$ cat query_2.cif   # mmCIF, C-alpha atoms and all ligand atoms
data_model
#
loop_
_atom_site.label_atom_id
_atom_site.label_comp_id
_atom_site.auth_asym_id
_atom_site.auth_seq_id
_atom_site.Cartn_x
_atom_site.Cartn_y
_atom_site.Cartn_z
CA MET R 1 62.16 93.40 103.29
CA LYS R 2 63.60 96.94 103.47
CA GLU R 3 64.97 98.64 100.34
CA LEU R 4 68.21 100.60 100.33
CA ILE R 5 69.76 102.71 97.56
CA VAL R 6 73.38 101.98 96.71
CA ALA R 7 74.81 104.86 94.67
CA THR R 8 76.79 102.88 92.12
CA LYS R 9 76.65 102.16 88.40
CA ASN R 10 79.03 99.22 88.71
CA GLN R 11 77.13 95.95 88.14
CA GLY R 12 79.84 93.95 89.93
CA LYS R 13 79.44 96.04 93.07
CA VAL R 14 75.63 95.85 92.84
CA SER R 15 75.71 92.03 92.79
CA GLU R 16 78.00 91.91 95.82
CA PHE R 17 75.92 94.43 97.82
CA ARG R 18 72.78 92.43 96.95
CA GLN R 19 74.33 89.23 98.18
CA MET R 20 75.82 90.73 101.34
CA PHE R 21 72.77 92.84 102.30
CA SER R 22 70.35 89.91 101.92
CA LYS R 23 71.41 88.59 105.32
CA TYR R 24 70.09 91.84 106.84
CA ASN R 25 66.85 91.41 104.90
CA ILE R 26 67.69 94.46 102.79
CA SER R 27 67.10 94.62 99.04
CA VAL R 28 69.27 96.85 96.88
CA LYS R 29 68.29 99.51 94.38
CA SER R 30 71.22 100.93 92.42
CA LEU R 31 71.75 103.83 90.02
CA LEU R 32 71.24 101.28 87.24
CA ASP R 33 67.56 101.05 88.36
CA ILE R 34 66.96 104.79 88.70
CA ASP R 35 65.84 106.91 85.74
CA ARG R 36 67.06 110.23 87.07
CA ILE R 37 70.62 109.13 86.58
CA ILE R 38 73.23 111.81 87.10
CA ASP R 39 76.93 111.66 86.49
CA ILE R 40 78.65 112.20 89.81
CA GLU R 41 82.19 113.51 89.42
CA GLU R 42 84.65 111.77 91.72
CA THR R 43 86.80 114.78 92.57
CA GLY R 44 88.15 113.50 95.91
CA THR R 45 91.71 112.35 96.50
CA THR R 46 90.74 109.64 99.01
CA PHE R 47 88.34 106.69 98.84
CA GLU R 48 86.45 108.15 101.80
CA ALA R 49 86.00 111.55 100.16
CA ASN R 50 84.69 110.02 96.93
CA ALA R 51 82.31 107.66 98.75
CA ILE R 52 80.86 110.65 100.65
CA ILE R 53 80.53 112.72 97.42
CA LYS R 54 78.58 109.89 95.72
CA ALA R 55 76.33 109.16 98.70
CA GLU R 56 75.50 112.80 99.49
CA ALA R 57 74.81 113.67 95.81
CA MET R 58 72.11 111.01 95.70
CA VAL R 59 70.61 111.98 99.08
CA GLU R 60 70.28 115.51 97.72
CA LEU R 61 68.47 114.20 94.65
CA LEU R 62 66.24 111.59 96.27
CA GLY R 63 65.82 112.64 99.91
CA LEU R 64 66.32 109.05 101.04
CA PRO R 65 69.12 107.18 102.87
CA VAL R 66 71.92 106.19 100.49
CA VAL R 67 75.01 103.99 100.73
CA ALA R 68 77.96 104.52 98.36
CA ASP R 69 81.18 102.60 97.75
CA ASP R 70 84.46 103.97 96.48
CA SER R 71 87.12 101.36 96.06
CA GLY R 72 90.31 100.44 94.28
CA LEU R 73 93.64 98.73 94.28
CA GLU R 74 96.84 99.99 95.95
CA VAL R 75 100.02 98.42 94.60
CA ASP R 76 103.10 98.91 96.82
CA ALA R 77 105.67 98.81 93.97
CA LEU R 78 103.68 101.59 92.24
CA ASP R 79 103.56 103.82 95.34
CA GLY R 80 99.91 103.02 95.93
CA GLU R 81 98.72 103.41 92.33
CA PRO R 82 96.20 103.03 90.75
CA GLY R 83 94.42 103.89 94.06
CA VAL R 84 91.42 106.20 93.67
CA TYR R 85 92.04 106.15 89.91
CA SER R 86 91.60 102.35 89.63
CA ALA R 87 88.50 102.55 87.41
CA ARG R 88 90.18 105.08 85.07
CA TYR R 89 93.73 103.64 85.15
CA ALA R 90 93.98 102.93 81.39
CA GLY R 91 91.59 105.70 80.31
CA MET R 92 88.21 107.28 80.87
CA GLU R 93 86.36 104.40 79.18
CA LYS R 94 86.86 102.39 82.44
CA ASP R 95 87.77 99.15 80.65
CA ASP R 96 88.54 96.35 83.15
CA GLN R 97 90.67 94.38 80.68
CA LYS R 98 92.72 97.40 79.63
CA ASN R 99 93.24 98.39 83.27
CA THR R 100 94.42 94.90 84.16
CA ALA R 101 96.73 94.70 81.13
CA LYS R 102 98.28 98.07 82.03
CA LEU R 103 98.85 96.93 85.61
CA LEU R 104 100.59 93.72 84.49
CA ARG R 105 102.80 95.75 82.11
CA GLU R 106 103.79 98.12 84.91
CA LEU R 107 104.79 95.18 87.11
CA GLU R 108 106.68 93.25 84.44
CA GLY R 109 109.89 91.76 85.83
CA LYS R 110 108.86 92.29 89.48
CA THR R 111 109.40 89.34 91.80
CA ASP R 112 106.70 87.74 93.91
CA LYS R 113 107.72 89.79 96.96
CA GLU R 114 107.54 93.02 94.95
CA ARG R 115 103.94 92.38 93.88
CA THR R 116 102.17 93.05 97.18
CA ALA R 117 98.92 95.04 97.00
CA ARG R 118 95.60 95.60 98.72
CA PHE R 119 92.04 96.29 97.75
CA VAL R 120 90.49 99.18 99.66
CA CYS R 121 86.78 99.95 99.99
CA ALA R 122 85.22 102.99 101.67
CA VAL R 123 81.49 102.71 102.32
CA ALA R 124 79.62 105.94 103.13
CA VAL R 125 76.17 106.12 104.74
CA ALA R 126 74.34 109.40 104.06
CA ARG R 127 70.83 110.43 105.14
CA PRO R 128 68.78 113.62 104.89
CA GLY R 129 69.54 115.95 107.79
CA VAL R 130 71.94 113.56 109.55
CA GLU R 131 75.74 113.57 109.50
CA THR R 132 77.30 111.17 107.00
CA PHE R 133 79.65 108.45 108.21
CA VAL R 134 82.19 106.40 106.30
CA LYS R 135 84.06 103.16 107.04
CA ARG R 136 87.03 101.47 105.34
CA GLY R 137 87.73 97.80 104.70
CA THR R 138 90.84 96.26 103.11
CA CYS R 139 91.92 92.95 101.61
CA GLU R 140 95.68 92.24 101.46
CA GLY R 141 97.24 90.20 98.67
CA LYS R 142 99.49 90.29 95.63
CA ILE R 143 99.27 90.76 91.87
CA ALA R 144 99.51 87.61 89.73
CA THR R 145 101.69 87.49 86.60
CA GLU R 146 98.75 86.70 84.30
CA PRO R 147 94.93 86.86 84.53
CA GLN R 148 93.20 83.72 85.83
CA GLY R 149 89.49 83.02 86.40
CA THR R 150 86.21 84.53 85.24
CA ASN R 151 84.27 85.37 88.43
CA GLY R 152 83.98 88.83 89.97
CA PHE R 153 84.95 92.03 88.13
CA GLY R 154 87.67 94.65 87.74
CA TYR R 155 91.09 93.47 88.82
CA ASP R 156 89.82 90.21 90.36
CA PRO R 157 91.55 88.01 87.70
CA VAL R 158 94.99 89.32 88.76
CA PHE R 159 94.51 89.66 92.55
CA ILE R 160 95.57 86.78 94.80
CA PRO R 161 94.35 87.33 98.38
CA ARG R 162 96.83 86.56 101.16
CA GLY R 163 96.63 82.93 102.24
CA SER R 164 95.33 81.73 98.87
CA THR R 165 96.95 80.42 95.68
CA ARG R 166 93.98 81.41 93.51
CA THR R 167 92.96 84.81 92.14
CA LEU R 168 89.72 86.37 93.40
CA ALA R 169 88.21 85.58 89.98
CA GLU R 170 88.81 81.91 90.81
CA HIS R 171 86.90 82.28 94.10
CA SER R 172 83.14 81.77 94.22
CA SER R 173 81.09 84.87 95.06
CA ASP R 174 80.44 83.44 98.54
CA GLU R 175 84.18 82.96 99.08
CA LYS R 176 84.99 86.48 97.85
CA ASN R 177 82.23 88.03 99.95
CA ALA R 178 83.64 86.40 103.09
CA ILE R 179 87.10 88.00 102.75
CA SER R 180 86.81 91.05 100.50
CA HIS R 181 87.54 94.70 101.24
CA ARG R 182 83.83 95.35 100.59
CA HIS R 183 82.84 92.72 103.15
CA HIS R 184 85.15 94.27 105.75
CA ALA R 185 83.71 97.76 105.13
CA ILE R 186 80.10 96.56 105.24
CA GLU R 187 80.83 94.66 108.45
CA GLN R 188 81.53 98.03 110.07
CA ILE R 189 78.16 99.51 109.13
CA GLU R 190 76.37 96.39 110.38
CA ASP R 191 74.87 98.10 113.46
CA TRP R 192 73.22 100.70 111.24
CA LEU R 193 72.03 98.08 108.72
CA LYS R 194 70.38 96.15 111.57
CA THR R 195 68.40 99.22 112.56
CA LEU R 196 66.79 99.17 109.11
CA SER R 197 65.52 95.62 108.94
O1 LIG L 1 88.85 93.33 91.00
C1 LIG L 1 88.21 94.13 91.65
N1 LIG L 1 87.41 93.66 92.65
C2 LIG L 1 86.74 94.44 93.48
O2 LIG L 1 86.04 93.97 94.37
C3 LIG L 1 86.86 95.83 93.22
N2 LIG L 1 86.34 96.90 93.83
C4 LIG L 1 86.78 97.95 93.14
N3 LIG L 1 87.56 97.58 92.13
C5 LIG L 1 88.24 98.41 91.12
O3 LIG L 1 88.25 99.73 91.51
C6 LIG L 1 87.35 100.53 90.71
C7 LIG L 1 86.49 101.30 91.65
O4 LIG L 1 86.20 102.57 91.17
P1 LIG L 1 84.92 103.27 91.73
O5 LIG L 1 84.82 103.01 93.20
O6 LIG L 1 84.88 104.67 91.27
O7 LIG L 1 83.74 102.43 91.04
P2 LIG L 1 83.09 102.53 89.60
O8 LIG L 1 83.49 103.80 88.92
O9 LIG L 1 83.38 101.28 88.88
O10 LIG L 1 81.53 102.57 89.96
P3 LIG L 1 80.75 103.69 90.86
O11 LIG L 1 80.42 103.01 92.17
O12 LIG L 1 81.65 104.86 91.05
O13 LIG L 1 79.51 104.01 90.10
C8 LIG L 1 86.51 99.53 89.94
O14 LIG L 1 86.08 100.01 88.70
C9 LIG L 1 87.47 98.36 89.81
O15 LIG L 1 88.32 98.60 88.74
C10 LIG L 1 87.62 96.28 92.16
N4 LIG L 1 88.27 95.43 91.36
MG MG L 2 83.43 105.56 89.95
#
$ encode --input "query_2.cif" --output "C-alpha cells"
Amino acid sequence: MKELIVATKNQGKVSEFRQMFSKYNISVKSLLDIDRIIDIEETGTTFEANAIIKAEAMVELLGLPVVADDSGLEVDALDGEPGVYSARYAGMEKDDQKNTAKLLRELEGKTDKERTARFVCAVAVARPGVETFVKRGTCEGKIATEPQGTNGFGYDPVFIPRGSTRTLAEHSSDEKNAISHRHHAIEQIEDWLKTLS
C-alpha cells in the first residue's frame, strides 16, 4: 500500500479521501497526523488557487508529493456565495452549524426553484520539482429548508443533490462518495493515482 499526504485539517474530508483512495491501494496521511503543522492562509479567490496554495506549501515543507482539496458551496440566489468562503461563512471559528444556520436565514422565503446550488471541489496535485496540476468536480443540487440527517459534514444536512429527495447527510458515505464534487474531482486525477499504486 502506498501512502499519500492530503493537505487538509478537515476530518470529514480525510474520511472521504481515505475511503475513495482505498480502491487505488493508497493510504492517506493528513495534516491531522503531522506534527509540523502549519497554518496555511487561503488567500486565493478561486477554489483552484487555494488548492494549489495548500498543496505547494506542504510540498515545500515535506519534499513529498501532496494532494490538497479546496471546496465549498455556490448558491445561485446569493450570487455564488459562500463560495471560497464556505468554511468561514459565519465567522473565523469555522462552525458548521452556524454556517448552515446563516445560509438558511439568507434563503428564508425563497421558493424551491430559487434554492439551486452546487458543491465545488478543486483537487491539486503538487510534487517537488514538477509542475502542479489541479482538477475541478461539481455536484448540482438545491438547499433544503431545514437540516436533515447526521452523516457527512459541513453543509451536507441542507444540501439535496439533483435527482434525490434526501439531503447528503441522509446518504450513506458510499452513496455520497459515488456522486459528490470530491468524487468527480478525484476521478480526474485517477491516471496519476494509478501510477502510484
Ligand atoms: O456539506 C459539505 N460537504 C462537503 O462535501 C463539503 N466540502 C466542502 N464543504 C464546505 O466547504 C468548506 C471547505 O473549505 P476548505 O476547502 O477551506 O476546507 P477546510 O477549511 O474545512 O479544511 P482544509 O482542507 O482547508 O484544511 C468546508 O469547511 C465545508 O463547510 C463541504 N460541505
Ligand atoms: Mg480551509
$ axis_aligned_box --input "query_2.cif" --around "ligand LIG 1 (chain L)" --padding-each-side "3 Å" --output "JSON"
{"center_x": 84.2, "center_y": 99.1, "center_z": 91.5, "size_x": 15.3, "size_y": 17.5, "size_z": 11.7}
$ atom_distance --input "query_2.cif" --atom1 "CA of Leu193 in chain R" --atom2 "CA of Ser22 in chain R"
10.8 Å
$ residues_near_ligand --input "query_2.cif" --ligand "ligand LIG 1 (chain L)" --cutoff "6 Å" --atoms "only C-alpha atoms and all ligand atoms" --output "MDAnalysis selection string"
chainID R and resid 8:10 69:72 86:87 153:156
$ residues_around --input "query_2.cif" --residues "Gly63 in chain R" --least-positions-apart "5" --cutoff "9 Å" --atoms "all atoms listed in the file" --output "count of residues only"
3
$ residues_near_ligand --input "query_2.cif" --ligand "ligand MG 2 (chain L)" --cutoff "12 Å" --atoms "only C-alpha atoms and all ligand atoms" --output "PyMOL selection string"
chain R and resi 7-11+13+31+39-44+47+50-51+53-55+68-72+83-89+92-94+121+154
$ closest_atom_pairs --input "query_2.cif" --of "range 20-80 of chain R" --to "range 130-137 of chain R" --cutoff "8 Å" --atoms "only C-alpha atoms" --output "Markdown table"
| residue | atom | partner | partner_atom | distance |
| --- | --- | --- | --- | --- |
| R:Glu48 | CA | R:Val134 | CA | 6.4 |
| R:Ala51 | CA | R:Val134 | CA | 7.7 |
| R:Ile52 | CA | R:Val134 | CA | 7.2 |
| R:Glu56 | CA | R:Thr132 | CA | 7.9 |
$ atom_distance --input "query_2.cif" --atom1 "CA of Asp79 in chain R" --atom2 "CA of Pro147 in chain R"
21.9 Å
$ closest_residue --input "query_2.cif" --among "R:Pro161, R:Pro65, R:Gly152, R:Gly141" --to "Lys113 in chain R" --atoms "only C-alpha atoms"
R:Gly141
$ closest_residue --input "query_2.cif" --among "R:Arg162, R:Ile26, R:Asp35, R:Glu74" --to "Glu190 in chain R" --atoms "all atoms listed in the file"
R:Ile26
$ closest_residue --input "query_2.cif" --among "R:Ile38, R:Gln97, R:Gly80, R:Leu32" --to "Ser15 in chain R" --atoms "all atoms listed in the file"
R:Leu32
$ atom_distance --input "query_2.cif" --atom1 "CA of Lys142 in chain R" --atom2 "CA of Ala117 in chain R"
5.0 Å
$ residues_around --input "query_2.cif" --residues "Phe119 in chain R" --least-positions-apart "3" --cutoff "7 Å" --atoms "only C-alpha atoms" --output "list of chain:residue names"
R:Gly72, R:Leu73, R:Glu74, R:Thr138, R:Cys139, R:Glu140, R:His181
$ write_last_selection --input "query_2.cif" --atoms "C-alpha atoms" --output "PDB file, keeping the file's coordinate frame"
ATOM      1  CA  GLY R  72      90.310 100.440  94.280  1.00  0.00           C
ATOM      2  CA  LEU R  73      93.640  98.730  94.280  1.00  0.00           C
ATOM      3  CA  GLU R  74      96.840  99.990  95.950  1.00  0.00           C
ATOM      4  CA  THR R 138      90.840  96.260 103.110  1.00  0.00           C
ATOM      5  CA  CYS R 139      91.920  92.950 101.610  1.00  0.00           C
ATOM      6  CA  GLU R 140      95.680  92.240 101.460  1.00  0.00           C
ATOM      7  CA  HIS R 181      87.540  94.700 101.240  1.00  0.00           C
TER       8      HIS R 181
END
$ residues_near_point --input "query_2.cif" --point "(82.6, 83.6, 86.6)" --cutoff "8 Å" --atoms "only C-alpha atoms" --output "number ranges by chain"
R: 149-152, 169-170, 172
$ closest_residue --input "query_2.cif" --among "R:Ala126, R:Val158, R:Leu61, R:Val75" --to "Ala101 in chain R" --atoms "all atoms listed in the file"
R:Val158
